[in-house]
Every structure is written in C-alpha cells, then in structure tokens.
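Undergrad: File name input_15.pdb; file contents PDB, C-alpha atoms; full text below.
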```
ATOM      1  CA  MET A1128      -5.883  24.364 -17.634
ATOM      2  CA  ASN A1129      -6.722  20.827 -16.582
ATOM      3  CA  GLU A1130      -4.594  19.510 -19.417
ATOM      4  CA  ILE A1131      -1.533  21.460 -18.232
ATOM      5  CA  ILE A1132      -1.887  20.216 -14.632
ATOM      6  CA  GLY A1133      -2.396  16.683 -15.929
ATOM      7  CA  ILE A1134       0.764  16.844 -18.006
ATOM      8  CA  VAL A1135       2.747  18.211 -15.032
ATOM      9  CA  PHE A1136       1.527  15.230 -12.991
ATOM     10  CA  PHE A1137       2.593  12.868 -15.796
ATOM     11  CA  GLY A1138       6.047  14.468 -15.671
ATOM     12  CA  ILE A1139       6.395  14.051 -11.899
ATOM     13  CA  GLY A1140       5.266  10.438 -12.134
ATOM     14  CA  ILE A1141       7.746   9.619 -14.877
ATOM     15  CA  VAL A1142      10.615  11.228 -12.912
ATOM     16  CA  PHE A1143       9.837   9.118  -9.833
ATOM     17  CA  ASN A1144       9.498   5.989 -11.946
ATOM     18  CA  PHE A1145      12.878   6.762 -13.515
ATOM     19  CA  PHE A1146      14.568   7.078 -10.111
ATOM     20  CA  GLY A1147      12.921   3.839  -9.015
ATOM     21  CA  CYS A1148      14.468   2.041 -11.983
ATOM     22  CA  LEU A1149      17.830   3.708 -11.322
ATOM     23  CA  GLY A1150      17.694   2.448  -7.724
ATOM     24  CA  LEU A1151      16.870  -0.998  -9.021
ATOM     25  CA  LEU A1152      20.161  -0.919 -10.925
ATOM     26  CA  ARG A1153      22.389   0.781  -8.352
ATOM     27  CA  PHE A1154      21.494  -0.796  -5.001
ATOM     28  CA  PRO A1155      23.605  -3.771  -3.937
ATOM     29  CA  ASP A1156      21.211  -6.552  -2.859
ATOM     30  CA  ILE A1157      17.652  -7.652  -3.522
ATOM     31  CA  TYR A1158      16.128  -6.172  -0.345
ATOM     32  CA  ASN A1159      17.409  -2.680  -1.075
ATOM     33  CA  ARG A1160      16.382  -3.016  -4.686
ATOM     34  CA  LEU A1161      12.858  -3.958  -3.632
ATOM     35  CA  GLN A1162      12.727  -0.812  -1.503
ATOM     36  CA  ALA A1163      13.483   1.379  -4.509
ATOM     37  CA  ALA A1164      11.199  -0.599  -6.787
ATOM     38  CA  THR A1165       8.230  -0.518  -4.384
ATOM     39  CA  LYS A1166       8.353   3.029  -3.083
ATOM     40  CA  CYS A1167       9.374   5.089  -6.096
ATOM     41  CA  VAL A1168       7.440   3.098  -8.660
ATOM     42  CA  THR A1169       4.242   3.066  -6.571
ATOM     43  CA  PHE A1170       4.475   6.800  -5.979
ATOM     44  CA  GLY A1171       5.237   7.504  -9.633
ATOM     45  CA  THR A1172       2.332   5.364 -10.799
ATOM     46  CA  ILE A1173      -0.017   7.114  -8.371
ATOM     47  CA  PHE A1174       0.994  10.433  -9.909
ATOM     48  CA  LEU A1175       0.440   9.053 -13.419
ATOM     49  CA  LEU A1176      -3.068   7.876 -12.477
ATOM     50  CA  LEU A1177      -3.890  11.187 -10.761
ATOM     51  CA  GLY A1178      -2.723  12.855 -13.960
ATOM     52  CA  VAL A1179      -5.164  10.730 -15.955
ATOM     53  CA  LEU A1180      -7.949  11.711 -13.530
ATOM     54  CA  ILE A1181      -7.197  15.442 -13.847
ATOM     55  CA  TYR A1182      -6.657  15.268 -17.608
ATOM     56  CA  THR A1183      -9.970  13.560 -18.399
ATOM     57  CA  GLY A1184     -12.167  14.703 -15.504
ATOM     58  CA  PHE A1185     -14.750  12.671 -13.585
ATOM     59  CA  ASN A1186     -15.969  10.392 -16.358
ATOM     60  CA  SER A1187     -15.674   6.631 -16.682
ATOM     61  CA  LEU A1188     -11.928   6.805 -17.424
ATOM     62  CA  GLY A1189     -11.165   8.985 -14.383
ATOM     63  CA  ILE A1190     -13.152   6.730 -12.047
ATOM     64  CA  LYS A1191     -11.229   3.707 -13.339
ATOM     65  CA  ALA A1192      -7.984   5.577 -12.628
ATOM     66  CA  ILE A1193      -9.069   6.039  -8.988
ATOM     67  CA  LEU A1194      -9.930   2.336  -8.688
ATOM     68  CA  CYS A1195      -6.529   1.371 -10.143
ATOM     69  CA  LEU A1196      -4.882   3.720  -7.659
ATOM     70  CA  ILE A1197      -6.526   1.963  -4.698
ATOM     71  CA  PHE A1198      -5.640  -1.490  -6.039
ATOM     72  CA  ILE A1199      -2.008  -0.493  -6.628
ATOM     73  CA  LEU A1200      -1.748   0.942  -3.110
ATOM     74  CA  ILE A1201      -2.887  -2.414  -1.713
ATOM     75  CA  THR A1202      -1.167  -4.875  -4.044
ATOM     76  CA  SER A1203       2.259  -3.344  -4.649
ATOM     77  CA  PRO A1204       3.487  -3.458  -0.998
ATOM     78  CA  THR A1205       1.923  -6.884  -0.596
ATOM     79  CA  ALA A1206       3.910  -8.198  -3.563
ATOM     80  CA  ALA A1207       7.065  -6.728  -2.024
ATOM     81  CA  HIS A1208       6.378  -8.580   1.264
ATOM     82  CA  ALA A1209       5.859 -11.818  -0.604
ATOM     83  CA  ILE A1210       9.063 -11.453  -2.627
ATOM     84  CA  SER A1211      11.253 -10.441   0.319
ATOM     85  CA  ARG A1212       9.932 -13.215   2.543
ATOM     86  CA  GLY A1213      10.335 -15.828  -0.180
ATOM     87  CA  VAL A1214      13.856 -14.640  -0.953
ATOM     88  CA  HIS A1215      14.888 -14.844   2.699
ATOM     89  CA  HIS A1216      13.425 -18.322   2.998
ATOM     90  CA  SER A1217      15.411 -19.475  -0.035
ATOM     91  CA  ARG A1218      18.623 -18.385   1.723
ATOM     92  CA  VAL A1219      19.606 -15.371  -0.327
ATOM     93  CA  LYS A1220      22.129 -13.469   1.809
ATOM     94  CA  LEU A1221      21.944  -9.794   2.705
ATOM     95  CA  TRP A1222      24.606  -7.428   1.376
ATOM     96  CA  LYS A1223      28.000  -8.066   2.992
ATOM     97  CA  LYS A1224      28.064  -4.642   4.705
ATOM     98  CA  SER A1225      24.639  -5.154   6.311
ATOM     99  CA  VAL A1226      24.523  -4.298   9.998
ATOM    100  CA  ILE A1227      22.069  -6.728  11.532
ATOM    101  CA  ASP A1228      19.725  -9.586  10.594
ATOM    102  CA  LYS A1229      17.256 -10.232  13.409
ATOM    103  CA  TYR A1230      15.162 -12.425  11.152
ATOM    104  CA  LYS A1231      17.963 -14.973  10.803
ATOM    105  CA  GLU A1232      18.961 -14.680  14.484
ATOM    106  CA  ASP A1233      15.452 -15.635  15.537
ATOM    107  CA  GLY A1234      15.529 -18.642  13.236
ATOM    108  CA  GLU A1235      12.436 -17.563  11.283
ATOM    109  CA  GLY A1236      13.854 -17.211   7.785
ATOM    110  CA  GLY A1237      16.135 -19.460   5.812
ATOM    111  CA  SER A1238      19.223 -20.644   7.727
ATOM    112  CA  ASP A1239      22.538 -21.784   6.293
TER     113      ASP A1239
ATOM    114  CA  MET B1246     -26.019  -9.803   6.870
ATOM    115  CA  ARG B1247     -22.684 -10.833   5.383
ATOM    116  CA  ARG B1248     -24.362 -11.606   2.057
ATOM    117  CA  ILE B1249     -26.078  -8.212   1.948
ATOM    118  CA  THR B1250     -22.819  -6.416   2.717
ATOM    119  CA  LEU B1251     -20.972  -8.309   0.011
ATOM    120  CA  PHE B1252     -23.821  -7.577  -2.427
ATOM    121  CA  LEU B1253     -23.635  -3.832  -1.750
ATOM    122  CA  VAL B1254     -19.849  -3.748  -2.095
ATOM    123  CA  SER B1255     -19.938  -5.670  -5.385
ATOM    124  CA  VAL B1256     -22.662  -3.433  -6.812
ATOM    125  CA  VAL B1257     -20.729  -0.286  -5.920
ATOM    126  CA  ILE B1258     -17.503  -1.601  -7.483
ATOM    127  CA  TRP B1259     -19.375  -2.760 -10.599
ATOM    128  CA  TYR B1260     -20.952   0.672 -11.114
ATOM    129  CA  LEU B1261     -17.638   2.420 -10.555
ATOM    130  CA  LEU B1262     -15.978   0.143 -13.115
ATOM    131  CA  THR B1263     -18.662   0.384 -15.793
ATOM    132  CA  TRP B1264     -20.162   3.829 -15.001
ATOM    133  CA  PRO B1265     -23.552   3.324 -16.733
ATOM    134  CA  TYR B1266     -24.814   6.909 -16.230
ATOM    135  CA  ASN B1267     -23.924   9.466 -18.900
ATOM    136  CA  PHE B1268     -23.616  13.020 -17.537
ATOM    137  CA  GLN B1269     -23.744  14.823 -20.884
ATOM    138  CA  GLU B1270     -26.970  13.269 -22.166
ATOM    139  CA  HIS B1271     -28.489  12.207 -18.822
ATOM    140  CA  THR B1272     -29.151   8.705 -20.051
ATOM    141  CA  MET B1273     -28.790   5.446 -18.170
ATOM    142  CA  ASP B1274     -27.524   2.237 -19.732
ATOM    143  CA  TRP B1275     -30.101  -0.180 -18.265
ATOM    144  CA  GLN B1276     -28.421  -3.301 -19.641
ATOM    145  CA  ILE B1277     -25.278  -2.649 -17.590
ATOM    146  CA  PHE B1278     -27.369  -1.608 -14.585
ATOM    147  CA  ILE B1279     -29.351  -4.866 -14.481
ATOM    148  CA  ALA B1280     -26.344  -7.039 -15.323
ATOM    149  CA  GLY B1281     -24.539  -5.521 -12.321
ATOM    150  CA  ILE B1282     -27.361  -6.536  -9.972
ATOM    151  CA  ILE B1283     -27.483 -10.091 -11.368
ATOM    152  CA  PHE B1284     -23.741 -10.664 -11.138
ATOM    153  CA  SER B1285     -23.574  -9.150  -7.651
ATOM    154  CA  ILE B1286     -26.262 -11.586  -6.461
ATOM    155  CA  ILE B1287     -24.290 -14.508  -7.945
ATOM    156  CA  ALA B1288     -21.050 -13.279  -6.356
ATOM    157  CA  SER B1289     -22.649 -12.741  -2.949
ATOM    158  CA  ILE B1290     -24.041 -16.286  -2.964
ATOM    159  CA  LEU B1291     -20.805 -17.951  -4.118
ATOM    160  CA  PHE B1292     -18.066 -16.004  -2.353
ATOM    161  CA  VAL B1293     -19.547 -15.174   1.031
ATOM    162  CA  GLU B1294     -17.051 -17.439   2.806
ATOM    163  CA  VAL B1295     -13.951 -15.536   1.685
ATOM    164  CA  PHE B1296     -15.346 -12.118   2.580
ATOM    165  CA  THR B1297     -14.868 -10.210   5.840
ATOM    166  CA  LYS B1298     -15.861 -11.872   9.096
ATOM    167  CA  HIS B1299     -17.099  -8.679  10.739
ATOM    168  CA  PRO B1300     -19.448  -6.934   8.263
ATOM    169  CA  HIS B1301     -20.835  -4.508  10.852
ATOM    170  CA  GLU B1302     -17.454  -2.747  10.923
ATOM    171  CA  LEU B1303     -18.123  -1.499   7.380
ATOM    172  CA  PHE B1304     -21.087   0.550   8.626
ATOM    173  CA  ALA B1305     -19.288   2.544  11.318
ATOM    174  CA  PRO B1306     -18.934   6.159  10.047
ATOM    175  CA  ILE B1307     -16.267   7.103  12.598
ATOM    176  CA  ARG B1308     -13.876   4.630  10.975
ATOM    177  CA  TYR B1309     -14.274   6.372   7.615
ATOM    178  CA  PHE B1310     -13.570   9.708   9.279
ATOM    179  CA  TRP B1311     -10.272   8.415  10.692
ATOM    180  CA  ALA B1312      -9.446   6.782   7.342
ATOM    181  CA  LEU B1313      -9.895  10.168   5.673
ATOM    182  CA  CYS B1314      -7.488  11.645   8.228
ATOM    183  CA  TYR B1315      -5.053   8.821   7.517
ATOM    184  CA  ILE B1316      -4.801   9.323   3.737
ATOM    185  CA  PRO B1317      -3.061  12.778   3.782
ATOM    186  CA  MET B1318      -0.697  11.541   6.480
ATOM    187  CA  LEU B1319       0.231   8.469   4.423
ATOM    188  CA  PHE B1320       0.695  10.636   1.335
ATOM    189  CA  PHE B1321       3.001  13.006   3.223
ATOM    190  CA  TYR B1322       5.167  10.141   4.490
ATOM    191  CA  MET B1323       5.249   8.599   0.999
ATOM    192  CA  LEU B1324       6.574  11.871  -0.397
ATOM    193  CA  ILE B1325       9.314  11.944   2.279
ATOM    194  CA  ALA B1326      10.063   8.274   1.615
ATOM    195  CA  ASN B1327      10.587   8.894  -2.068
ATOM    196  CA  LEU B1328      12.877  11.873  -1.581
ATOM    197  CA  TYR B1329      14.812   9.775   0.988
ATOM    198  CA  VAL B1330      15.280   6.867  -1.436
ATOM    199  CA  VAL B1331      16.005   9.122  -4.423
ATOM    200  CA  TYR B1332      18.704  10.915  -2.391
ATOM    201  CA  ARG B1333      20.366   7.593  -1.648
ATOM    202  CA  VAL B1334      20.043   6.439  -5.250
ATOM    203  CA  ILE B1335      21.670   9.489  -6.840
ATOM    204  CA  HIS B1336      24.338  10.063  -4.150
ATOM    205  CA  PRO B1337      27.683   8.873  -5.627
ATOM    206  CA  LEU B1338      28.802   7.103  -2.424
ATOM    207  CA  MET B1339      25.364   5.562  -1.650
ATOM    208  CA  PRO B1340      25.176   6.197   2.125
ATOM    209  CA  ILE B1341      23.283   3.048   3.133
ATOM    210  CA  ARG B1342      23.539   0.780   6.182
ATOM    211  CA  PRO B1343      21.007  -1.980   5.567
ATOM    212  CA  GLY B1344      19.742  -4.571   8.010
ATOM    213  CA  ILE B1345      16.652  -6.360   9.313
ATOM    214  CA  VAL B1346      15.240  -5.239  12.672
ATOM    215  CA  LYS B1347      12.356  -6.510  14.769
ATOM    216  CA  VAL B1348       9.418  -4.418  15.999
ATOM    217  CA  LYS B1349       6.267  -5.155  17.975
ATOM    218  CA  THR B1350       2.712  -4.069  17.184
ATOM    219  CA  ARG B1351      -0.369  -3.809  19.400
ATOM    220  CA  LEU B1352      -2.819  -4.331  16.522
ATOM    221  CA  LYS B1353      -4.810  -7.563  16.682
ATOM    222  CA  SER B1354      -7.100  -7.682  13.622
ATOM    223  CA  GLU B1355      -5.851  -9.095  10.328
ATOM    224  CA  SER B1356      -6.884  -6.101   8.228
ATOM    225  CA  GLY B1357      -5.242  -3.743  10.698
ATOM    226  CA  ARG B1358      -1.970  -5.625  10.540
ATOM    227  CA  THR B1359      -2.111  -5.722   6.735
ATOM    228  CA  ALA B1360      -2.646  -1.968   6.615
ATOM    229  CA  LEU B1361       0.231  -1.432   9.046
ATOM    230  CA  ALA B1362       2.624  -3.607   7.019
ATOM    231  CA  ASN B1363       1.641  -1.869   3.780
ATOM    232  CA  SER B1364       2.080   1.562   5.358
ATOM    233  CA  ILE B1365       5.511   0.577   6.670
ATOM    234  CA  THR B1366       6.556  -0.582   3.217
ATOM    235  CA  LEU B1367       5.473   2.701   1.643
ATOM    236  CA  THR B1368       7.260   4.948   4.175
ATOM    237  CA  PRO B1369      10.897   6.056   4.555
ATOM    238  CA  GLY B1370      13.526   3.390   4.183
ATOM    239  CA  THR B1371      11.565   0.440   5.575
ATOM    240  CA  LEU B1372      10.159  -2.767   4.064
ATOM    241  CA  ALA B1373       8.102  -5.302   6.018
ATOM    242  CA  VAL B1374       9.492  -8.811   5.480
ATOM    243  CA  ASP B1375       7.405 -11.029   7.742
ATOM    244  CA  ILE B1376       4.934 -11.001  10.638
ATOM    245  CA  THR B1377       4.463 -13.562  13.396
ATOM    246  CA  ASP B1378       1.238 -14.529  15.128
ATOM    247  CA  ASP B1379       2.206 -12.856  18.417
ATOM    248  CA  GLY B1380       2.592  -9.468  16.756
ATOM    249  CA  PHE B1381       6.275  -9.140  15.867
ATOM    250  CA  LEU B1382       7.175  -7.635  12.504
ATOM    251  CA  TYR B1383      10.542  -8.027  10.790
ATOM    252  CA  ILE B1384      11.474  -4.828   8.963
ATOM    253  CA  HIS B1385      14.255  -4.334   6.445
ATOM    254  CA  CYS B1386      15.726  -0.815   6.768
ATOM    255  CA  ILE B1387      17.991   0.983   4.305
ATOM    256  CA  VAL B1388      19.635   2.855   7.194
ATOM    257  CA  VAL B1389      19.504   1.050  10.557
ATOM    258  CA  ARG B1390      19.451   3.464  13.523
ATOM    259  CA  GLU B1391      18.186   1.481  16.545
ATOM    260  CA  THR B1392      18.787  -2.256  16.684
ATOM    261  CA  ASP B1393      16.742  -2.974  19.874
ATOM    262  CA  VAL B1394      13.039  -3.807  19.710
ATOM    263  CA  GLU B1395      11.713  -0.799  21.706
ATOM    264  CA  GLY B1396      13.656   1.900  19.875
ATOM    265  CA  ALA B1397      12.854   0.511  16.443
ATOM    266  CA  THR B1398       9.172   0.110  17.397
ATOM    267  CA  LYS B1399       8.949   3.735  18.488
ATOM    268  CA  ARG B1400      10.595   4.992  15.285
ATOM    269  CA  ILE B1401       8.878   2.787  12.711
ATOM    270  CA  VAL B1402       5.483   1.777  14.110
ATOM    271  CA  GLY B1403       4.782   4.670  16.492
ATOM    272  CA  ARG B1404       3.559   7.165  13.920
ATOM    273  CA  PHE B1405       0.880   4.908  12.393
ATOM    274  CA  GLU B1406      -0.354   2.743  15.235
ATOM    275  CA  PRO B1407      -2.689   5.219  17.032
ATOM    276  CA  LEU B1408      -4.640   6.092  13.872
ATOM    277  CA  LEU B1409      -4.785   2.501  12.598
ATOM    278  CA  GLU B1410      -6.105   1.387  15.978
ATOM    279  CA  LYS B1411      -8.973   3.853  15.610
ATOM    280  CA  ILE B1412      -9.733   2.634  12.066
ATOM    281  CA  PHE B1413      -9.496  -1.150  12.399
ATOM    282  CA  GLU B1414      -9.818  -2.156  16.069
TER     283      GLU B1414
END
```
Translate this structure into structure tokens?
TA:
Amino acid sequence: MNEIIGIVFFGIGIVFNFFGCLGLLRFPDIYNRLQAATKCVTFGTIFLLLGVLIYTGFNSLGIKAILCLIFILITSPTAAHAISRGVHHSRVKLWKKSVIDKYKEDGEGGSD
Amino acid sequence: MRRITLFLVSVVIWYLLTWPYNFQEHTMDWQIFIAGIIFSIIASILFVEVFTKHPHELFAPIRYFWALCYIPMLFFYMLIANLYVVYRVIHPLMPIRPGIVKVKTRLKSESGRTALANSITLTPGTLAVDITDDGFLYIHCIVVRETDVEGATKRIVGRFEPLLEKIFE
C-alpha cells in the first residue's frame, strides 16, 4: 500500500517538475521564468521527497528526505531572490509588455 | 547559553542525518553517537558567532505551535500557486501582465523578514526581488492588479503577516 502511495507522489512531483521546465521555456523574460522555475520545481521536488518518505518509511533514508525537504524550502526561494536581484542590478530589462517597475523608479536597482 | 543552544541543535541535526539507532534489532551505533557529541562541541566552540543572536526564542513552545499552524497554510497556498502558474504556462495566449510592485512589512526581525520573503516567493504569482532596511519589499508579479503600495501590501503580505508576527516577533 505504501509503495502505491509513494509512486503516486512520485508521479505528481514529476508532473509539476515538467510544467516548471515548460514554463522556463515559454515565459518571455528572466523574472517570469524564475517564477516558474522556483514555484513548480520546489513543489514537485517536495512531492518527490515525500514520496521517498512514504515509500521507505521512517528509517534513515526517510529522515534524510525530511531534512532535504526543509533545506530545499529555505534555499530555493533564497536563490531566486539572489538571482533576480543580481539580474536587475546588471540592467537586464523586464519584458516589453511589463506594466510597472517600481524598483527602477525608486532608483534601487540597475539604471540605464 | 548561545553555545549550549548551538550544541543541542547540532547534535539533533547530526542524529537525524546519521540515525544511529536501529529499530529492527534495537542496537545503537556508539561510534556515531560519540562522534556526534565531539563534533557538536567543536562546532559550538568555533561557530558561535554566526549563530542566532536570541537563543531564548528557540525555547518558546508557543512559537512552535504557531509554526505548526503555518505549515498547512503555506502548503495550501503553494498548491494554489502551482495551479496558477501551470495554468499560465499551458494557456496558448499566456495571459500575463508582469511588473514589479512595492509593499511594506511590519516585521522587524531578520528571520521573520526572511521567512516572509520566502513565503511570498512560494505563493501565487509573486517573487521577492529585494528588501530595504526600512521594511519595503519589491515584488515581481506575473499578473499585476494593484500598483499602489497599500493595495499591493494588503493582497500580497496581508495573509502571512499576522501568523509570522506570532512566530518570529
């Protein structure tokens, strides 16, 4: 029973990871691409690790899966902040149909 | 006090990583057990300066209670966020209206602000770009609805701030 639930979780995780990669290809500029890459891939990886936990049970492998889950929850958004901030400071423009850029108006990020 | 806290945290993480106790045979791997204590002592002597400045906050049970309430809420919003992004990815016309807006937060502590920024990044259509010292966050949105500070604050920050204040402040 545990194996079936684990495999279902693997499936859900792989589907979300797939859509994250698809978003990475389809979205127009780097900020939107980061959104897809961070959200979908984090969520998919969390499901994969929960699948490992359910598949193996509470032994040393399952506990390591939980630890990895916590670290991914902390580090993946942090990496996205770092990339987006660095990109804005190196004057990469937003998509041409973007509505507003308060960051540039306030003179915090990279200016032209 | 700070050293003892760091020692306890390192020991717990070490035992979770190595898991010396075997449930099937009820045996303990004493080598790993003792090595964990030795390395935790070394780590707590060397790295006390980079650890938290307020160790007593780790021993407040009410914070853990609110953190436990926070996890299902975060998971629910992450699920919505993913369906929201997936819908925009697979829609042929890609209905997006991106932009960077500015919001204000009441949180003061560093860990609280980090948790807020991470939560914002993991929830629907928003990505935290930068934070200033006086508490303004710059948020990249896939679909911009309100461009003023108050409206965007209410929509983006409002749902997390009360709980995070209880956990970290």
Undergrad: Considering only C-alpha atoms, tabulate each residue of chain B that lies at most 10 Å from chain A along with its nearest interatomic pair and the corresponding distance in Å to one decimal; arrange the rows by chain and ascending residue number and present them as a tab-separated table.
TA:
```
residue	atom	partner	partner_atom	distance
B:Ile1258	CA	A:Leu1194	CA	8.6
B:Tyr1260	CA	A:Ser1187	CA	9.7
B:Leu1261	CA	A:Ile1190	CA	6.4
B:Leu1262	CA	A:Lys1191	CA	5.9
B:Thr1263	CA	A:Ser1187	CA	7.0
B:Trp1264	CA	A:Ser1187	CA	5.6
B:Pro1265	CA	A:Ser1187	CA	8.5
B:Tyr1266	CA	A:Ser1187	CA	9.2
B:Asn1267	CA	A:Asn1186	CA	8.4
B:Phe1268	CA	A:Asn1186	CA	8.2
B:Phe1320	CA	A:Phe1170	CA	9.1
B:Met1323	CA	A:Phe1170	CA	7.2
B:Leu1324	CA	A:Phe1170	CA	7.8
B:Ala1326	CA	A:Lys1166	CA	7.2
B:Asn1327	CA	A:Cys1167	CA	5.7
B:Leu1328	CA	A:Cys1167	CA	8.9
B:Val1330	CA	A:Ala1163	CA	6.5
B:Val1331	CA	A:Phe1146	CA	6.2
B:Tyr1332	CA	A:Phe1146	CA	9.6
B:Arg1333	CA	A:Gly1150	CA	8.4
B:Val1334	CA	A:Gly1150	CA	5.3
B:Ile1335	CA	A:Gly1150	CA	8.1
B:Met1339	CA	A:Phe1154	CA	8.2
B:Ile1341	CA	A:Ser1225	CA	8.9
B:Arg1342	CA	A:Ser1225	CA	6.0
B:Pro1343	CA	A:Ser1225	CA	4.9
B:Gly1344	CA	A:Ile1227	CA	4.7
B:Ile1345	CA	A:Asp1228	CA	4.6
B:Val1346	CA	A:Lys1229	CA	5.4
B:Lys1347	CA	A:Lys1229	CA	6.3
B:Thr1359	CA	A:Thr1205	CA	8.4
B:Ala1360	CA	A:Ile1201	CA	8.3
B:Ala1362	CA	A:Pro1204	CA	8.1
B:Asn1363	CA	A:Pro1204	CA	5.4
B:Ser1364	CA	A:Pro1204	CA	8.2
B:Ile1365	CA	A:Pro1204	CA	8.9
B:Thr1366	CA	A:Pro1204	CA	6.0
B:Leu1367	CA	A:Lys1166	CA	5.5
B:Thr1368	CA	A:Lys1166	CA	7.6
B:Pro1369	CA	A:Lys1166	CA	8.6
B:Gly1370	CA	A:Gln1162	CA	7.1
B:Thr1371	CA	A:Gln1162	CA	7.3
B:Leu1372	CA	A:Gln1162	CA	6.4
B:Ala1373	CA	A:His1208	CA	6.0
B:Val1374	CA	A:His1208	CA	5.2
B:Asp1375	CA	A:Arg1212	CA	6.2
B:Ile1376	CA	A:Arg1212	CA	9.8
B:Thr1377	CA	A:Glu1235	CA	9.2
B:Leu1382	CA	A:Tyr1230	CA	9.4
B:Tyr1383	CA	A:Tyr1230	CA	6.4
B:Ile1384	CA	A:Tyr1230	CA	8.7
B:His1385	CA	A:Tyr1158	CA	7.3
B:Cys1386	CA	A:Asn1159	CA	8.2
B:Ile1387	CA	A:Asn1159	CA	6.5
B:Val1388	CA	A:Val1226	CA	9.1
B:Val1389	CA	A:Val1226	CA	7.4
B:Arg1390	CA	A:Val1226	CA	9.9
B:Thr1392	CA	A:Ile1227	CA	7.6
B:Asp1393	CA	A:Lys1229	CA	9.7
B:Val1394	CA	A:Lys1229	CA	9.9
```
Undergrad: Between B:Arg1248, B:Tyr1315, B:Ala1280, B:Ile1325, which has the minimum distance to B:Phe1292 (counting only C-alpha atoms)?
TA: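 Among the listed residues, B:Arg1248 lies closest to B:Phe1292.
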Undergrad: Tell me, in Å to one decimal, how far atom CA of A:Leu1196 is from atom CA of B:Phe1405.
TA: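 Distance between the two atoms: 20.9 Å.
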Undergrad: One number please: atom CA of B:Gly1396 to atom CA of B:Met1318, in Å, one decimal.
TA: 21.9 Å
Undergrad: Can you sort out the box for stretch 1191-1207 of chain A, edges along x, y and z, all listed atoms in, 6 Å on every side, with centre and edge lengths in Å to one decimal, as lines of an AutoDock Vina configuration file?
TA:
```
center_x = -2.1
center_y = -1.1
center_z = -7.0
size_x = 30.3
size_y = 26.2
size_z = 24.7
```
Undergrad: If you apply the PyMOL selection byres ((chain A and resi 1140) around 9) to this file, what residues do you get, as a count of residues only?
TA: 19
Undergrad: Using Å and a single decimal, report how far atom CA of B:Ile1412 sits from atom CA of B:Gly1380.
TA: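 Result for atom CA of B:Gly1380 versus atom CA of B:Ile1412: 17.9 Å, one decimal.
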Undergrad: Find, counting only C-alpha atoms, the residue in B:Val1348, B:Ile1307, B:Glu1410, B:Cys1314 that gets nearest to B:Thr1398.
TA: B:Val1348
Undergrad: Select, counting only C-alpha atoms, all protein, DNA and RNA residues no farther than 12 Å from (-17.9, 1.1, 3.1) in file coordinates, and express the selection as a list in words.
TA: Thr1250, Leu1251, Phe1252, Leu1253, Val1254, Ser1255, Val1256, Val1257, Ile1258, Pro1300, His1301, Glu1302, Leu1303, Phe1304, Ala1305, Pro1306, Ile1307, Arg1308, Tyr1309, Phe1310 and Ala1312 of chain B
Undergrad: Counting only C-alpha atoms, figure out which residue out of B:Ile1249, B:Ile1401, B:Met1273, B:Leu1409 gets nearest to B:Ile1316.
TA: B:Leu1409
Undergrad: List the spatial neighbours of B:Ile1283 as an NGL selection string - criterion: any atom at most 12 Å away, only C-alpha atoms, same-chain residues fewer than 5 positions off excluded.
TA: :B and (1252 or 1255-1256 or 1259 or 1276-1278 or 1288-1290)
